[in-house]
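*Asks:* Here it is, the structure, as structure tokens.
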Amino acid sequence: MAPVGLAHFLTLSVILFCVGLYGVLTRRNAVAILMSLELMFNAVNISLVGFARFMGNEVAASGQMFALFVVAVAGAEATIGVAIVLALYRNFRHINVDEVDLLKW
Amino acid sequence: MVGLTFAADVPAASTETVLALTPDLLGKIWLVPALPLFAFLIIIFFLRRTRMLAALVSIGALTGSFLISAAALMARIQHPHAPPQIWDFNWIVAGPLTIPLGCLVDNQSTVMLVVVTFVGTLIQIYSTGYMNHEPDFGFGKFFSYLSLFTASMLFLVLAPNFVQIYMGWELVGLCSYLLIGFWYYKNSAAQAAKKAFVVTRFGDLGFLMGILLIFHTTGTVMFLGADGALLKMAALAPTQMHLLTIACILIFCGAIGKSAQFPLQIWLPDAMEGPTPVSALIHAATMVAAGVYLVARCFDMFIASPDAAFFVAFIGGFTAFMAATMGVVQNDIKRVMAYSTVSQLGYMFMALGIGTSASFVAGNFHLVTHAFFKALLFLGCGSIIHAVNTNDMWKMGGVRKFMPITHVTFLCGSLALSGIPPFAGFWSKDEILAASWGSPHIILPIFGYVAAFLTALYVSRLYFVTFWGEYRGGDPHAPHDHSPLRDPAPAHDEHHDAHGHDDKPHENPLNMTGPLMILAVFATFLGFLNATPLHIEYFGHFMAPVGMEAHGGEHSALPLILSICIAASGWAVGYALYFKEPEKSEAMLKKQFSVVWRFLENKWYMDDIWAFLLKNTMFLGATACNWFDRYVVDGFFVMGSGKAAYFFGGLLREEHSGKVQQYAMMIVIAVVVVVHGVGVAEPTFVLSPTQIMQHFMKPGGTP
């Protein structure tokens, strides 16, 4: 069995990303969509730290820094996301995004 | 005719530096049109409901204009050979084109100014009496319109270039429209106003094209000076002669419309729907004379083209004859006067078209005398109408007993119009007829003399039927049977005043008879300004075009005697037919000459010919244009492009479901497609995902 390399990290990242994307596109519950979104963020984080680990020293620190930033931004984004979900609930008494289609023609 | 010298060639050395008007007076000349304009603005904004104040402002402003004009005329008379003076400012400056507005002061314009302001003032004074049954609002409005008209007319007269004269031309047209339609609630008046406006517009179109042609040819729109349009046009090379002729005829088209010449004379009789002072001011003395003034102004140009000059003369002569025949059968006294005006204007054009110095003077002189005696006649008609409440001469009769002043003044005007010796019209008309003898075209004197006979006939008919015999007021059996369809019956509701038909009419107050008397004095004695047979030629020397021989030419006795005889015979026939038993004679004439009578009563069928022509040309074209506009421009292009956008938008809007996840799905699909497509195409500047992976795998695969 080959040692764990960049390919493994990236594969994991892709799988996580696709799972998250699938969730974002298919779930009807806004909270579930937010959770799926978090998965996609973290998939990207995994690829970032994976590259940082395997791409030599001069870029190592920056990859991990990016991951940290993404975590911070994701935290802020989640806050806004949840706030939107709350606003949604207040207006519609549900958080089913299928039925929130006021933007249509 | 062609070998004449022009103004620019003969600047007499001694008169070169003489200025007729002092700079001070010249600087005030703009007030002449401005004062009535101010009066108009003041009345329309502040004084619409104050009767006498409105009239006073209007009359006062016009009197001021008259005083300035008279001062200018005096100055010109003292130095008749001084060069024309111009007060102006640049209005349009666009590249090589400079159009100033301003005042051109020369002999011709000052004479016209004095005529317009003097007659205008008298007519306004008269209007205070004539319009006194108007409600307050209408009274003020009437005077504001009169002021606006006078301002426009003076603006036109003072124009130093074609553009300004055209502006004035349109402005007086507008005022004419407003004043003909003054009693707009009367359908016939509204229709007549519309007709006058549209018909004159026909001519104005030609005028405008003429101006554009002149500007195109000469590059200037100024009248006078060595580089003015007139001399440049007149000096065109013989190969460009056709341009000159076309330009002259186009300019003359404007005059045809405004001065109601054949074939556009149809509007003027209908214009009699307006109040009578309006008819006197606009449709007798001033506005309709603007066409004559225009041709006189462009005289240098017209005489350079014999064809155009003959065209003018022929149209004038023919109109003089035709309108006179129509005047003979009219029953509405104002309409008789309207046809008379058309006819007299025709004389003036004939005189100008003959194109000699003497005829030029004669035409201008007739313009002046006509302004006075025709204004007098119209005001006299108004005076009668005001008293008896009808326009129909067969319901009048015996008026001389009730209205002695009107009677005497009207008689003066009638004799002046028909050309009986001591009166003003004789001297001017005889001059024209004498000049027509010199013309190579034999048709012109024939037209002139036949029209002179008819003039005397219709005037005497009008005079005898109206003033002599017994008063027929309200007689239901009056022979008054012209077709109501074609010739709307005269309005009996023109005034809502106290005296009905049963009352005897009575003479009008002094503010109406005063102007009549003043005008009658002028109509009687004005001719002695230029009595050429007596070798009195004040006017002739004053008006003669610069550089042309000032003397009126030799006078043989034959034309003189002939014209006196013809005028006298016209009166004699009129007396014989209409003095004793007018109704019987009229009925007899109608029976004897029923075909001719009907032909004349229908105005030579000119209205019908125009209606037919318009129906078959203009209306067809208009219908086609309407169809094209409605279904092609609007239907296809305008509505079509809108509908196409709507249709395709409809297709696209299905995509906008409002479901965010669908949007996200599309974004994802798009990203996949793009990225994948880029990878397949493998352009050199972008790495495909596969390549990126490979790039990372190779060196870093085994750290």
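Every chain in the structure tokens takes a letter, A first, then B, and so on in the order presented; its residues are numbered from 1, and the ligands are numbered from 1 following the presented order.
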Starting from chain B, keep only residues with some atom at most 6 Å from an atom of chain A, counting only C-alpha atoms, and report them as an mmCIF file with N, CA and C atoms, in the first residue's frame.
*Replies:*
```
data_model
loop_
_atom_site.group_PDB
_atom_site.id
_atom_site.type_symbol
_atom_site.label_atom_id
_atom_site.label_comp_id
_atom_site.auth_asym_id
_atom_site.auth_seq_id
_atom_site.Cartn_x
_atom_site.Cartn_y
_atom_site.Cartn_z
ATOM 1 N N HIS B 656 -36.317 31.740 -15.024
ATOM 2 C CA HIS B 656 -36.248 32.421 -13.729
ATOM 3 C C HIS B 656 -37.370 31.926 -12.825
ATOM 4 N N SER B 657 -37.074 30.787 -12.221
ATOM 5 C CA SER B 657 -38.102 30.181 -11.392
ATOM 6 C C SER B 657 -38.126 30.800 -10.012
ATOM 7 N N GLY B 658 -37.056 31.530 -9.650
ATOM 8 C CA GLY B 658 -36.988 32.066 -8.307
ATOM 9 C C GLY B 658 -36.430 31.067 -7.311
ATOM 10 N N LYS B 659 -36.117 29.867 -7.765
ATOM 11 C CA LYS B 659 -35.576 28.849 -6.846
ATOM 12 C C LYS B 659 -34.063 28.914 -6.891
ATOM 13 N N GLN B 661 -31.738 27.244 -5.671
ATOM 14 C CA GLN B 661 -30.941 26.040 -5.909
ATOM 15 C C GLN B 661 -30.811 25.727 -7.384
ATOM 16 N N GLY B 700 5.750 16.165 -6.645
ATOM 17 C CA GLY B 700 5.429 16.086 -5.223
ATOM 18 C C GLY B 700 4.775 14.778 -4.825
#
```
*Asks:* Going by DSSP on the backbone, which residues of chain A come out as helix (DSSP H, G or I)? List them as a PDB file with C-alpha atoms, in the first residue's frame.
*Replies:*
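File selection36.pdb, as written:
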```pdb
ATOM      1  CA  LEU A   6      -0.976  14.415  -2.047  1.00  0.00           C
ATOM      2  CA  ALA A   7      -3.296  12.329  -4.182  1.00  0.00           C
ATOM      3  CA  HIS A   8      -5.039  10.994  -1.098  1.00  0.00           C
ATOM      4  CA  PHE A   9      -5.610  14.437   0.317  1.00  0.00           C
ATOM      5  CA  LEU A  10      -6.932  15.732  -2.955  1.00  0.00           C
ATOM      6  CA  THR A  11      -9.163  12.740  -3.444  1.00  0.00           C
ATOM      7  CA  LEU A  12     -10.618  13.247  -0.007  1.00  0.00           C
ATOM      8  CA  SER A  13     -11.045  16.913  -0.770  1.00  0.00           C
ATOM      9  CA  VAL A  14     -12.870  16.213  -4.010  1.00  0.00           C
ATOM     10  CA  ILE A  15     -15.144  13.697  -2.355  1.00  0.00           C
ATOM     11  CA  LEU A  16     -16.015  16.054   0.453  1.00  0.00           C
ATOM     12  CA  PHE A  17     -16.575  18.923  -2.014  1.00  0.00           C
ATOM     13  CA  CYS A  18     -18.904  16.846  -4.138  1.00  0.00           C
ATOM     14  CA  VAL A  19     -20.832  15.667  -1.133  1.00  0.00           C
ATOM     15  CA  GLY A  20     -21.192  19.257   0.032  1.00  0.00           C
ATOM     16  CA  LEU A  21     -22.185  20.446  -3.422  1.00  0.00           C
ATOM     17  CA  TYR A  22     -24.739  17.721  -3.700  1.00  0.00           C
ATOM     18  CA  GLY A  23     -26.141  18.706  -0.380  1.00  0.00           C
ATOM     19  CA  VAL A  24     -26.306  22.377  -1.341  1.00  0.00           C
ATOM     20  CA  LEU A  25     -28.085  21.591  -4.541  1.00  0.00           C
ATOM     21  CA  THR A  26     -30.528  19.032  -3.285  1.00  0.00           C
ATOM     22  CA  ALA A  30     -31.898  25.884   4.651  1.00  0.00           C
ATOM     23  CA  VAL A  31     -29.954  24.706   7.704  1.00  0.00           C
ATOM     24  CA  ALA A  32     -28.926  21.566   5.892  1.00  0.00           C
ATOM     25  CA  ILE A  33     -27.744  23.682   2.998  1.00  0.00           C
ATOM     26  CA  LEU A  34     -25.647  25.729   5.362  1.00  0.00           C
ATOM     27  CA  MET A  35     -24.148  22.546   6.776  1.00  0.00           C
ATOM     28  CA  SER A  36     -23.372  21.276   3.289  1.00  0.00           C
ATOM     29  CA  LEU A  37     -21.755  24.604   2.541  1.00  0.00           C
ATOM     30  CA  GLU A  38     -19.465  24.048   5.520  1.00  0.00           C
ATOM     31  CA  LEU A  39     -18.463  20.718   4.025  1.00  0.00           C
ATOM     32  CA  MET A  40     -17.427  22.453   0.822  1.00  0.00           C
ATOM     33  CA  PHE A  41     -15.383  24.983   2.753  1.00  0.00           C
ATOM     34  CA  ASN A  42     -13.586  22.271   4.583  1.00  0.00           C
ATOM     35  CA  ALA A  43     -12.925  20.293   1.437  1.00  0.00           C
ATOM     36  CA  VAL A  44     -11.116  23.329   0.117  1.00  0.00           C
ATOM     37  CA  ASN A  45      -9.237  23.631   3.412  1.00  0.00           C
ATOM     38  CA  ILE A  46      -8.053  20.052   3.150  1.00  0.00           C
ATOM     39  CA  SER A  47      -6.721  20.634  -0.345  1.00  0.00           C
ATOM     40  CA  LEU A  48      -4.970  23.794   0.865  1.00  0.00           C
ATOM     41  CA  VAL A  49      -3.187  22.134   3.757  1.00  0.00           C
ATOM     42  CA  GLY A  50      -2.436  19.122   1.573  1.00  0.00           C
ATOM     43  CA  PHE A  51      -0.700  21.318  -0.959  1.00  0.00           C
ATOM     44  CA  ALA A  52       1.104  23.104   1.832  1.00  0.00           C
ATOM     45  CA  ARG A  53       2.396  19.832   3.195  1.00  0.00           C
ATOM     46  CA  PHE A  54       3.626  18.414  -0.052  1.00  0.00           C
ATOM     47  CA  ALA A  60       4.021  25.698   3.355  1.00  0.00           C
ATOM     48  CA  ALA A  61       3.198  28.475   5.770  1.00  0.00           C
ATOM     49  CA  SER A  62       1.033  30.354   3.311  1.00  0.00           C
ATOM     50  CA  GLY A  63      -1.168  27.338   2.592  1.00  0.00           C
ATOM     51  CA  GLN A  64      -1.867  26.832   6.258  1.00  0.00           C
ATOM     52  CA  MET A  65      -2.483  30.527   6.701  1.00  0.00           C
ATOM     53  CA  PHE A  66      -5.038  30.395   3.920  1.00  0.00           C
ATOM     54  CA  ALA A  67      -6.763  27.516   5.624  1.00  0.00           C
ATOM     55  CA  LEU A  68      -6.955  29.492   8.851  1.00  0.00           C
ATOM     56  CA  PHE A  69      -8.373  32.505   7.041  1.00  0.00           C
ATOM     57  CA  VAL A  70     -10.947  30.339   5.324  1.00  0.00           C
ATOM     58  CA  VAL A  71     -12.004  28.942   8.683  1.00  0.00           C
ATOM     59  CA  ALA A  72     -12.421  32.464  10.020  1.00  0.00           C
ATOM     60  CA  VAL A  73     -14.358  33.617   6.987  1.00  0.00           C
ATOM     61  CA  ALA A  74     -16.494  30.507   7.079  1.00  0.00           C
ATOM     62  CA  GLY A  75     -17.344  31.278  10.664  1.00  0.00           C
ATOM     63  CA  ALA A  76     -18.479  34.765   9.708  1.00  0.00           C
ATOM     64  CA  GLU A  77     -20.372  33.421   6.726  1.00  0.00           C
ATOM     65  CA  ALA A  78     -22.135  30.866   8.856  1.00  0.00           C
ATOM     66  CA  THR A  79     -23.275  33.651  11.140  1.00  0.00           C
ATOM     67  CA  ILE A  80     -24.796  35.505   8.245  1.00  0.00           C
ATOM     68  CA  GLY A  81     -26.241  32.286   6.871  1.00  0.00           C
ATOM     69  CA  VAL A  82     -27.959  31.480  10.104  1.00  0.00           C
ATOM     70  CA  ALA A  83     -29.209  35.058  10.351  1.00  0.00           C
ATOM     71  CA  ILE A  84     -30.712  34.675   6.889  1.00  0.00           C
ATOM     72  CA  VAL A  85     -32.313  31.431   7.922  1.00  0.00           C
ATOM     73  CA  LEU A  86     -33.843  33.141  10.930  1.00  0.00           C
ATOM     74  CA  ALA A  87     -35.148  35.984   8.780  1.00  0.00           C
ATOM     75  CA  LEU A  88     -36.523  33.417   6.400  1.00  0.00           C
ATOM     76  CA  TYR A  89     -38.319  31.682   9.187  1.00  0.00           C
ATOM     77  CA  ARG A  90     -39.788  34.856  10.524  1.00  0.00           C
ATOM     78  CA  ASN A  91     -41.221  35.730   7.135  1.00  0.00           C
ATOM     79  CA  PHE A  92     -42.377  32.341   5.944  1.00  0.00           C
ATOM     80  CA  VAL A  97     -35.979  27.012   0.208  1.00  0.00           C
ATOM     81  CA  ASP A  98     -38.095  25.411  -2.493  1.00  0.00           C
ATOM     82  CA  GLU A  99     -40.992  27.583  -1.529  1.00  0.00           C
TER      83      GLU A  99
END
```
*Asks:* Would you mind reading off the distance between atom CA of B:Gly353 and atom CA of B:Ala416, one decimal, in Å?
*Replies:*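 Here the two named atoms are 23.2 Å from each other.
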*Asks:* Do you know which residues are at most 12 Å from stretch 54-57 of chain B counting only C-alpha atoms, after dropping those on the same chain fewer than 2 positions away, and could you put them as a PyMOL selection string?
*Replies:* chain B and resi 35-52+59-64+121+123-129+131-132+136-147
*Asks:* Export, as a short mmCIF file (atom, residue, chain, number, x, y, z; two decimals), in the first residue's frame, the selected residues with C-alpha atoms.
*Replies:*
```
data_model
loop_
_atom_site.label_atom_id
_atom_site.label_comp_id
_atom_site.auth_asym_id
_atom_site.auth_seq_id
_atom_site.Cartn_x
_atom_site.Cartn_y
_atom_site.Cartn_z
CA LEU B 35 -44.36 99.14 -28.44
CA PRO B 36 -47.37 97.19 -29.74
CA LEU B 37 -45.65 94.01 -28.63
CA PHE B 38 -45.32 95.39 -25.11
CA ALA B 39 -48.95 96.44 -25.28
CA PHE B 40 -49.87 92.89 -26.24
CA LEU B 41 -47.93 91.43 -23.33
CA ILE B 42 -49.33 93.90 -20.82
CA ILE B 43 -52.90 93.38 -21.96
CA ILE B 44 -52.72 89.61 -22.18
CA PHE B 45 -51.13 89.28 -18.74
CA PHE B 46 -52.68 92.06 -16.73
CA LEU B 47 -55.49 93.89 -18.45
CA ARG B 48 -57.68 91.24 -19.95
CA ARG B 49 -60.69 92.26 -17.99
CA THR B 50 -60.27 95.99 -17.88
CA ARG B 51 -62.04 97.25 -20.95
CA MET B 52 -61.01 100.82 -21.46
CA ILE B 59 -54.04 102.61 -28.82
CA GLY B 60 -51.40 104.51 -26.87
CA ALA B 61 -48.65 102.10 -27.85
CA LEU B 62 -49.66 102.25 -31.47
CA THR B 63 -49.80 106.03 -31.37
CA GLY B 64 -46.25 106.00 -30.06
CA THR B 121 -54.53 103.52 -34.81
CA ILE B 123 -59.06 101.19 -36.66
CA GLN B 124 -58.29 100.55 -33.01
CA ILE B 125 -60.13 103.69 -32.01
CA TYR B 126 -63.03 102.54 -34.15
CA SER B 127 -62.91 99.13 -32.49
CA THR B 128 -63.63 100.63 -29.09
CA GLY B 129 -67.06 101.42 -30.48
CA MET B 131 -66.64 95.86 -30.11
CA ASN B 132 -68.51 97.46 -27.23
CA ASP B 136 -64.98 92.13 -20.93
CA PHE B 137 -62.80 89.16 -21.61
CA GLY B 138 -63.32 89.25 -25.36
CA PHE B 139 -62.83 92.99 -25.47
CA GLY B 140 -59.40 92.84 -23.88
CA LYS B 141 -58.43 89.83 -25.91
CA PHE B 142 -59.42 91.59 -29.09
CA PHE B 143 -57.13 94.51 -28.38
CA SER B 144 -54.28 92.28 -27.37
CA TYR B 145 -54.56 90.43 -30.66
CA LEU B 146 -54.73 93.67 -32.59
CA SER B 147 -51.56 94.80 -30.86
#
```
*Asks:* Could you please determine the separation between atom CA of B:Arg335 and atom CA of B:Trp169 in Å, to one decimal place?
*Replies:* 24.0 Å
*Asks:* In Å, rounded to a single decimal, give me how far atom CA of B:Leu529 is from atom CA of B:Leu376.
*Replies:*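 It comes out at 18.6 Å.
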